[in-house]
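Dumped entry29.pdb below, it's PDB, C-alpha atoms:
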```
ATOM      1  CA  MET R 123     118.393  73.536  23.063
ATOM      2  CA  ARG R 124     121.949  72.980  21.918
ATOM      3  CA  ASN R 125     122.570  72.518  18.220
ATOM      4  CA  THR R 126     123.918  69.001  18.727
ATOM      5  CA  TYR R 127     120.595  67.804  20.143
ATOM      6  CA  LEU R 128     118.721  69.435  17.269
ATOM      7  CA  TRP R 129     121.019  67.595  14.838
ATOM      8  CA  LEU R 130     120.562  64.270  16.676
ATOM      9  CA  LEU R 131     116.790  64.799  16.499
ATOM     10  CA  GLN R 132     117.224  65.524  12.784
ATOM     11  CA  LEU R 133     118.832  62.087  12.321
ATOM     12  CA  VAL R 134     116.179  60.333  14.447
ATOM     13  CA  THR R 135     113.260  62.049  12.687
ATOM     14  CA  GLY R 136     114.861  61.179   9.334
ATOM     15  CA  GLY R 137     114.821  57.494  10.267
ATOM     16  CA  ILE R 138     111.191  57.702  11.440
ATOM     17  CA  ILE R 139     110.196  59.465   8.202
ATOM     18  CA  VAL R 140     111.773  56.703   6.098
ATOM     19  CA  VAL R 141     109.500  54.150   7.809
ATOM     20  CA  LEU R 142     106.264  56.180   8.016
ATOM     21  CA  LEU R 143     106.574  57.857   4.601
ATOM     22  CA  GLY R 144     107.495  54.458   3.121
ATOM     23  CA  ALA R 145     104.238  53.033   4.485
ATOM     24  CA  HIS R 146     102.330  56.088   3.220
ATOM     25  CA  LEU R 147     103.807  55.859  -0.301
ATOM     26  CA  ILE R 148     103.236  52.100  -0.503
ATOM     27  CA  THR R 149      99.578  52.483   0.457
ATOM     28  CA  GLN R 150      99.083  55.360  -1.993
ATOM     29  CA  TYR R 151     101.023  53.874  -4.950
ATOM     30  CA  PRO R 152     100.843  50.102  -4.351
ATOM     31  CA  ASP R 153     101.225  48.971  -7.989
ATOM     32  CA  GLY R 154     105.012  48.782  -7.922
ATOM     33  CA  ILE R 155     105.050  46.733  -4.730
ATOM     34  CA  LEU R 156     102.300  44.565  -6.255
ATOM     35  CA  VAL R 157     104.557  43.816  -9.201
ATOM     36  CA  VAL R 158     107.374  42.899  -6.826
ATOM     37  CA  THR R 159     105.559  40.956  -4.125
ATOM     38  CA  GLN R 160     102.218  39.784  -5.604
ATOM     39  CA  ARG R 161     101.007  39.838  -2.013
ATOM     40  CA  LEU R 162      99.518  43.312  -1.870
ATOM     41  CA  ASP R 163      96.270  42.475  -0.073
ATOM     42  CA  THR R 164      98.094  40.883   2.841
ATOM     43  CA  THR R 165     100.409  43.896   3.064
ATOM     44  CA  LEU R 166      97.579  46.434   2.924
ATOM     45  CA  LYS R 167      95.548  44.572   5.551
ATOM     46  CA  LEU R 168      98.441  45.092   7.950
ATOM     47  CA  PHE R 169      97.677  48.814   7.680
ATOM     48  CA  GLY R 170      93.926  48.230   7.979
ATOM     49  CA  ILE R 171      93.209  49.036   4.337
ATOM     50  CA  ALA R 172      90.946  46.920   2.168
ATOM     51  CA  GLY R 173      90.359  47.527  -1.537
ATOM     52  CA  ALA R 174      92.633  48.740  -4.296
ATOM     53  CA  ASP R 175      91.923  52.479  -4.642
ATOM     54  CA  THR R 176      93.257  54.344  -1.622
ATOM     55  CA  THR R 177      92.441  57.837  -2.933
ATOM     56  CA  THR R 178      88.616  57.536  -2.822
ATOM     57  CA  TRP R 179      86.623  59.516  -0.289
ATOM     58  CA  ALA R 180      85.420  56.402   1.542
ATOM     59  CA  SER R 181      88.913  54.970   1.879
ATOM     60  CA  THR R 182      90.394  58.303   3.022
ATOM     61  CA  ILE R 183      87.683  58.902   5.616
ATOM     62  CA  HIS R 184      87.925  55.296   6.797
ATOM     63  CA  ARG R 185      91.628  55.754   7.489
ATOM     64  CA  ALA R 186      91.066  59.154   9.099
ATOM     65  CA  ARG R 187      88.494  57.672  11.482
ATOM     66  CA  GLN R 188      90.655  54.660  12.324
ATOM     67  CA  GLY R 189      92.770  55.241  15.410
ATOM     68  CA  ILE R 190      96.073  53.671  14.400
ATOM     69  CA  ALA R 191      96.231  55.078  10.861
ATOM     70  CA  ALA R 192      95.163  58.557  12.004
ATOM     71  CA  GLY R 193      97.736  58.501  14.793
ATOM     72  CA  LEU R 194     100.482  57.388  12.419
ATOM     73  CA  TYR R 195      99.589  60.171   9.966
ATOM     74  CA  LEU R 196      99.628  62.774  12.733
ATOM     75  CA  ALA R 197     102.992  61.451  13.902
ATOM     76  CA  LEU R 198     104.262  61.658  10.306
ATOM     77  CA  VAL R 199     103.086  65.278  10.021
ATOM     78  CA  ALA R 200     104.740  66.247  13.309
ATOM     79  CA  VAL R 201     108.027  64.521  12.474
ATOM     80  CA  VAL R 202     108.107  65.847   8.898
ATOM     81  CA  LEU R 203     107.430  69.393  10.107
ATOM     82  CA  TYR R 204     110.331  69.163  12.576
ATOM     83  CA  HIS R 205     112.684  67.654   9.992
ATOM     84  CA  GLY R 206     111.774  70.155   7.287
ATOM     85  CA  LEU R 207     111.773  73.271   9.446
ATOM     86  CA  ASN R 208     115.041  72.292  11.152
ATOM     87  CA  GLY R 209     116.515  71.764   7.671
ATOM     88  CA  LEU R 210     115.337  75.242   6.659
ATOM     89  CA  ARG R 211     116.880  76.592   9.885
ATOM     90  CA  GLY R 212     120.216  75.013   8.981
ATOM     91  CA  ILE R 213     120.119  76.588   5.534
ATOM     92  CA  ALA R 214     119.062  80.002   6.894
ATOM     93  CA  LEU R 215     121.752  79.990   9.584
ATOM     94  CA  GLU R 216     124.411  79.256   6.960
ATOM     95  CA  VAL R 217     123.892  82.685   5.405
ATOM     96  CA  THR R 218     123.191  84.489   8.678
ATOM     97  CA  ALA R 219     126.026  86.392  10.323
ATOM     98  CA  SER R 220     124.625  87.569  13.655
ATOM     99  CA  ALA R 221     123.482  85.466  16.605
ATOM    100  CA  ALA R 222     120.461  87.742  17.160
ATOM    101  CA  THR R 223     119.141  87.021  13.660
ATOM    102  CA  ALA R 224     119.740  83.313  14.190
ATOM    103  CA  ARG R 225     117.675  83.417  17.385
ATOM    104  CA  VAL R 226     114.825  85.244  15.613
ATOM    105  CA  ILE R 227     114.880  82.638  12.813
ATOM    106  CA  THR R 228     114.829  79.776  15.318
ATOM    107  CA  TYR R 229     111.855  81.116  17.269
ATOM    108  CA  ALA R 230     109.980  82.071  14.081
ATOM    109  CA  LEU R 231     110.354  78.546  12.675
ATOM    110  CA  MET R 232     109.304  77.040  16.018
ATOM    111  CA  ALA R 233     106.180  79.228  15.954
ATOM    112  CA  ILE R 234     105.413  78.252  12.339
ATOM    113  CA  GLY R 235     105.759  74.556  13.147
ATOM    114  CA  THR R 236     103.586  74.788  16.250
ATOM    115  CA  ILE R 237     100.857  76.747  14.437
ATOM    116  CA  LEU R 238     100.826  74.388  11.427
ATOM    117  CA  PHE R 239     100.671  71.262  13.557
ATOM    118  CA  SER R 240      97.947  72.718  15.795
ATOM    119  CA  ALA R 241      95.872  73.670  12.753
ATOM    120  CA  ILE R 242      96.216  70.177  11.302
ATOM    121  CA  LEU R 243      95.487  68.525  14.652
ATOM    122  CA  VAL R 244      92.332  70.630  15.125
ATOM    123  CA  SER R 245      91.126  69.960  11.577
ATOM    124  CA  ARG R 246      91.721  66.242  12.145
ATOM    125  CA  LEU R 247      89.817  66.233  15.417
ATOM    126  CA  LEU R 248      86.894  68.258  14.039
ATOM    127  CA  TYR R 249      86.398  66.508  10.670
TER     128      TYR R 249
ATOM    129  CA  MET K 140     158.172  96.670   1.255
ATOM    130  CA  ARG K 141     155.228  94.692  -0.122
ATOM    131  CA  LYS K 142     151.834  96.195   0.267
ATOM    132  CA  GLN K 143     149.710  94.289   2.782
ATOM    133  CA  THR K 144     146.263  93.312   1.523
ATOM    134  CA  ALA K 145     143.374  91.999   3.557
ATOM    135  CA  PRO K 146     142.855  88.244   3.107
ATOM    136  CA  LYS K 147     139.979  87.276   0.875
ATOM    137  CA  PRO K 148     137.144  86.050   3.087
ATOM    138  CA  ASN K 149     136.546  82.344   2.735
ATOM    139  CA  TYR K 150     132.834  82.849   2.287
ATOM    140  CA  LEU K 151     131.082  82.270  -0.999
ATOM    141  CA  GLY K 152     127.482  82.837   0.130
ATOM    142  CA  VAL K 153     124.589  81.141  -1.620
ATOM    143  CA  GLY K 154     126.624  80.839  -4.819
ATOM    144  CA  GLY K 155     129.019  78.575  -2.950
ATOM    145  CA  TRP K 156     126.301  75.963  -2.626
ATOM    146  CA  VAL K 157     126.353  75.524  -6.400
ATOM    147  CA  TRP K 158     129.974  76.155  -7.302
ATOM    148  CA  GLY K 159     133.068  76.640  -5.171
ATOM    149  CA  GLY K 160     135.782  74.892  -7.166
ATOM    150  CA  LYS K 161     136.407  71.400  -8.460
ATOM    151  CA  TYR K 162     133.728  69.232  -6.900
ATOM    152  CA  LYS K 163     133.581  65.465  -6.458
ATOM    153  CA  LEU K 164     130.395  63.404  -6.771
ATOM    154  CA  GLU K 165     129.421  63.678  -3.094
ATOM    155  CA  ARG K 166     129.396  67.472  -3.311
ATOM    156  CA  TYR K 167     126.806  67.341  -6.070
ATOM    157  CA  LEU K 168     124.799  64.822  -4.020
ATOM    158  CA  TYR K 169     124.811  67.430  -1.235
ATOM    159  CA  LEU K 170     123.543  70.066  -3.666
ATOM    160  CA  PHE K 171     120.704  67.815  -4.878
ATOM    161  CA  HIS K 172     119.966  66.854  -1.260
ATOM    162  CA  ARG K 173     119.430  70.523  -0.489
ATOM    163  CA  ILE K 174     117.387  71.216  -3.630
ATOM    164  CA  SER K 175     115.194  68.136  -3.127
ATOM    165  CA  GLY K 176     114.742  69.027   0.557
ATOM    166  CA  LEU K 177     113.563  72.550  -0.289
ATOM    167  CA  TYR K 178     111.266  71.178  -3.013
ATOM    168  CA  LEU K 179     109.821  68.519  -0.659
ATOM    169  CA  MET K 180     109.127  71.202   1.981
ATOM    170  CA  LEU K 181     107.185  73.192  -0.644
ATOM    171  CA  PHE K 182     105.348  70.056  -1.752
ATOM    172  CA  ILE K 183     104.443  69.064   1.818
ATOM    173  CA  MET K 184     102.874  72.480   2.434
ATOM    174  CA  LEU K 185     100.745  72.153  -0.738
ATOM    175  CA  HIS K 186      99.998  68.494   0.071
ATOM    176  CA  LEU K 187      98.766  69.276   3.597
ATOM    177  CA  PHE K 188      96.676  72.114   2.161
ATOM    178  CA  THR K 189      95.014  69.946  -0.509
ATOM    179  CA  THR K 190      94.354  66.978   1.766
ATOM    180  CA  PHE K 191      93.255  68.760   4.936
ATOM    181  CA  ILE K 192      91.414  71.768   3.491
ATOM    182  CA  PHE K 193      89.691  70.051   0.550
ATOM    183  CA  ARG K 194      88.651  67.207   2.826
ATOM    184  CA  ILE K 195      86.788  69.575   5.144
ATOM    185  CA  GLN K 196      84.856  71.022   2.178
ATOM    186  CA  SER K 197      82.858  68.014   1.033
ATOM    187  CA  LYS K 198      82.990  64.673  -0.723
ATOM    188  CA  ASP K 199      82.480  66.332  -4.126
ATOM    189  CA  VAL K 200      85.384  68.770  -3.728
ATOM    190  CA  TRP K 201      87.619  65.871  -2.700
ATOM    191  CA  ALA K 202      86.555  63.790  -5.733
ATOM    192  CA  ALA K 203      87.136  66.770  -8.068
ATOM    193  CA  THR K 204      90.630  67.253  -6.619
ATOM    194  CA  ILE K 205      91.475  63.584  -7.143
ATOM    195  CA  VAL K 206      90.261  63.819 -10.772
ATOM    196  CA  LEU K 207      92.464  66.903 -11.222
ATOM    197  CA  PHE K 208      95.466  64.900 -10.035
ATOM    198  CA  GLN K 209      94.919  62.328 -12.814
ATOM    199  CA  HIS K 210      96.127  64.925 -15.350
ATOM    200  CA  PRO K 211      99.315  63.644 -17.059
ATOM    201  CA  TRP K 212     101.408  66.681 -16.126
ATOM    202  CA  LEU K 213     100.416  66.423 -12.478
ATOM    203  CA  LYS K 214     101.185  62.687 -12.535
ATOM    204  CA  ILE K 215     104.678  63.487 -13.856
ATOM    205  CA  ILE K 216     105.114  66.049 -11.071
ATOM    206  CA  ALA K 217     103.855  63.482  -8.531
ATOM    207  CA  TYR K 218     106.362  60.916  -9.766
ATOM    208  CA  LEU K 219     109.181  63.459  -9.657
ATOM    209  CA  THR K 220     108.139  64.188  -6.069
ATOM    210  CA  VAL K 221     108.322  60.498  -5.179
ATOM    211  CA  GLY K 222     111.726  60.357  -6.865
ATOM    212  CA  ALA K 223     112.916  63.389  -4.886
ATOM    213  CA  ALA K 224     111.674  61.793  -1.650
ATOM    214  CA  VAL K 225     113.400  58.481  -2.453
ATOM    215  CA  TYR K 226     116.659  60.261  -3.331
ATOM    216  CA  HIS K 227     116.489  62.442  -0.213
ATOM    217  CA  ALA K 228     115.793  59.379   1.960
ATOM    218  CA  MET K 229     118.622  57.251   0.535
ATOM    219  CA  ASN K 230     121.191  60.059   0.575
ATOM    220  CA  GLY K 231     120.027  60.975   4.079
ATOM    221  CA  LEU K 232     120.472  57.381   5.269
ATOM    222  CA  ARG K 233     123.993  57.407   3.821
ATOM    223  CA  LEU K 234     124.794  60.655   5.612
ATOM    224  CA  ALA K 235     123.321  59.381   8.885
ATOM    225  CA  LEU K 236     125.356  56.146   8.654
ATOM    226  CA  LEU K 237     128.584  58.062   8.109
ATOM    227  CA  GLU K 238     127.659  60.641  10.757
ATOM    228  CA  LEU K 239     127.202  57.912  13.374
ATOM    229  CA  GLY K 240     130.499  56.308  12.422
ATOM    230  CA  PHE K 241     129.299  53.212  10.576
ATOM    231  CA  ALA K 242     130.808  51.919   7.329
ATOM    232  CA  LEU K 243     133.946  54.043   7.685
ATOM    233  CA  GLY K 244     136.291  51.055   7.331
ATOM    234  CA  ARG K 245     139.199  50.116   9.540
ATOM    235  CA  PRO K 246     141.917  52.664  10.229
ATOM    236  CA  ALA K 247     145.167  51.854   8.391
ATOM    237  CA  LEU K 248     148.704  53.149   8.124
ATOM    238  CA  PRO K 249     149.191  55.797   5.441
ATOM    239  CA  VAL K 250     151.137  53.796   2.866
ATOM    240  CA  PHE K 251     151.869  55.219  -0.577
ATOM    241  CA  PRO K 252     149.757  55.453  -2.785
ATOM    242  CA  TYR K 253     147.548  57.141  -0.187
ATOM    243  CA  SER K 254     143.835  56.487  -0.289
ATOM    244  CA  ASP K 255     141.478  59.316   0.609
ATOM    245  CA  ALA K 256     138.230  59.196   2.550
ATOM    246  CA  LEU K 257     136.057  60.047  -0.443
ATOM    247  CA  ARG K 258     137.406  57.133  -2.502
ATOM    248  CA  ARG K 259     137.054  54.714   0.408
ATOM    249  CA  LYS K 260     133.422  55.733   0.892
ATOM    250  CA  ARG K 261     132.617  55.765  -2.821
ATOM    251  CA  PRO K 262     131.296  52.139  -2.919
ATOM    252  CA  LEU K 263     128.838  52.961  -0.108
ATOM    253  CA  THR K 264     127.677  56.000  -2.074
ATOM    254  CA  MET K 265     127.166  53.843  -5.158
ATOM    255  CA  VAL K 266     125.185  51.251  -3.177
ATOM    256  CA  PHE K 267     122.789  53.887  -1.813
ATOM    257  CA  MET K 268     122.363  55.557  -5.196
ATOM    258  CA  ALA K 269     121.642  52.169  -6.795
ATOM    259  CA  LEU K 270     119.072  51.517  -4.047
ATOM    260  CA  ALA K 271     117.463  54.892  -4.785
ATOM    261  CA  ILE K 272     117.251  54.101  -8.510
ATOM    262  CA  VAL K 273     115.754  50.640  -7.858
ATOM    263  CA  ILE K 274     113.141  51.963  -5.401
ATOM    264  CA  ALA K 275     112.221  54.849  -7.724
ATOM    265  CA  PHE K 276     111.837  52.336 -10.568
ATOM    266  CA  ILE K 277     109.546  50.141  -8.430
ATOM    267  CA  PHE K 278     107.322  53.148  -7.667
ATOM    268  CA  PHE K 279     107.188  53.957 -11.400
ATOM    269  CA  PHE K 280     104.613  51.165 -11.883
ATOM    270  CA  GLY K 281     102.150  53.161  -9.802
ATOM    271  CA  PHE K 282     102.210  56.050 -12.290
ATOM    272  CA  VAL K 283     101.730  54.340 -15.673
TER     273      VAL K 283
END
```
Can you turn what I pasted into structure tokens?
Amino acid sequence: MRNTYLWLLQLVTGGIIVVLLGAHLITQYPDGILVVTQRLDTTLKLFGIAGADTTTWASTIHRARQGIAAGLYLALVAVVLYHGLNGLRGIALEVTASAATARVITYALMAIGTILFSAILVSRLLY
Amino acid sequence: MRKQTAPKPNYLGVGGWVWGGKYKLERYLYLFHRISGLYLMLFIMLHLFTTFIFRIQSKDVWAATIVLFQHPWLKIIAYLTVGAAVYHAMNGLRLALLELGFALGRPALPVFPYSDALRRKRPLTMVFMALAIVIAFIFFFGFV
């Protein structure tokens, strides 16, 4: 794929991450939003979460079993992996002189991303 | 006849990321964008490991991990991670806006004293950095 499309995808994935990671951070550290809005329960129910502590085993497993939340988390993992690995590729290609090395780096990062996401997907489906 | 010398290559390598001359504010934002991005990549790897691997183990291992993360030093690191994510997000939104051609201002005739692009975009930079500080401050309540 041409570099311009990779860069456009980098912008798009960045925007998606702002939304999904924002939701993730708000559900994990809701106290600040509680201070601001005072309407935390209504907000959390939108994400299918009831109760204050989101780090307990029951809450985590409940979200993992729930279709929408699990799907959103998987989407976040996929998008974050693309964004991060493409960022690493940009940094690596800055100090790389030859096109052959650049190609090796690109395919290696693609392999790493695919393997990581597959491992996470399998672990999600099995447990 | 003057001795001909080869031109100095305009390539500073990794050191050029940190220092390549007199830098303006945006250049340091770029440096922190890169540092926070590399740090967040490292964190995400550890984060995926702790959540996905410890979850498969058992309920007790998960509970022990959560207790471990209540340690003050780890809470400080967690808050710094949130701060890095907020900074990276806000600076990234600024870069994406400018990349797509928004908030560049109207083109104008070059009348003395000339304004430069960095100064014209400086208010936008300040708005996004203020947003980052406010959002990071809001998240601070979750760590005290």
Evaluate the ChimeraX specification (/R :<7) & /K and record the selected residues as a short mmCIF file (atom, residue, chain, number, x, y, z; two decimals) with C-alpha atoms, keeping the file's coordinate frame, following the chain and residue labels used in the document.
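Listed below is the output, selection_29.cif:
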```cif
data_model
loop_
_atom_site.label_atom_id
_atom_site.label_comp_id
_atom_site.auth_asym_id
_atom_site.auth_seq_id
_atom_site.Cartn_x
_atom_site.Cartn_y
_atom_site.Cartn_z
CA GLY K 152 127.48 82.84 0.13
CA MET K 180 109.13 71.20 1.98
CA ILE K 195 86.79 69.58 5.14
CA LYS K 198 82.99 64.67 -0.72
CA TRP K 201 87.62 65.87 -2.70
CA ALA K 202 86.56 63.79 -5.73
CA ALA K 228 115.79 59.38 1.96
CA ALA K 235 123.32 59.38 8.88
CA ILE K 277 109.55 50.14 -8.43
CA PHE K 278 107.32 53.15 -7.67
CA PHE K 279 107.19 53.96 -11.40
CA PHE K 280 104.61 51.16 -11.88
CA GLY K 281 102.15 53.16 -9.80
#
```
| Which residues come within 12 Å of Pro246 in chain K, counting all atoms listed in the file, excluding same-chain residues fewer than 5 positions away, as a PyMOL selection string? | chain K and resi 254-256+259
| request: Grab the CA of Leu131 in chain R to CA of Arg233 in chain K distance for me, in Å with one decimal place. | output: 16.3 Å
| said: Need the shell around range 213-222 of chain K: protein/DNA/RNA residues with any atom at most 9 Å away, counting all atoms listed in the file. Skip same-chain ones fewer than 5 positions apart. Format as a list in words? | reply: Leu147 of chain R; Ser175, Tyr178, Leu179, Phe182, Leu207, Phe208, His227, Ala271, Ile272, Ile274, Ala275, Phe276, Phe278, Phe279, Gly281, Phe282 and Val283 of chain K
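If you look at CA of Tyr226 in chain K and CA of Tyr162 in chain K, they are 19.6 Å away from each other.
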| field | Exercise: Arg225 in chain R partners within 12 Å, only C-alpha atoms, chain neighbours under 4 positions left out, as a ChimeraX atom specification | value | /R:123,125,211,214-215,218-221,229-232
| task | Grab the CA of Glu165 in chain K to CA of Glu238 in chain K distance for me, in Å with one decimal place. | result | 14.3 Å
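Closest approach to Ala203 in chain K among K:Thr189, K:Ala242, K:Leu248, K:Lys163: K:Thr189, based on all atoms listed in the file.
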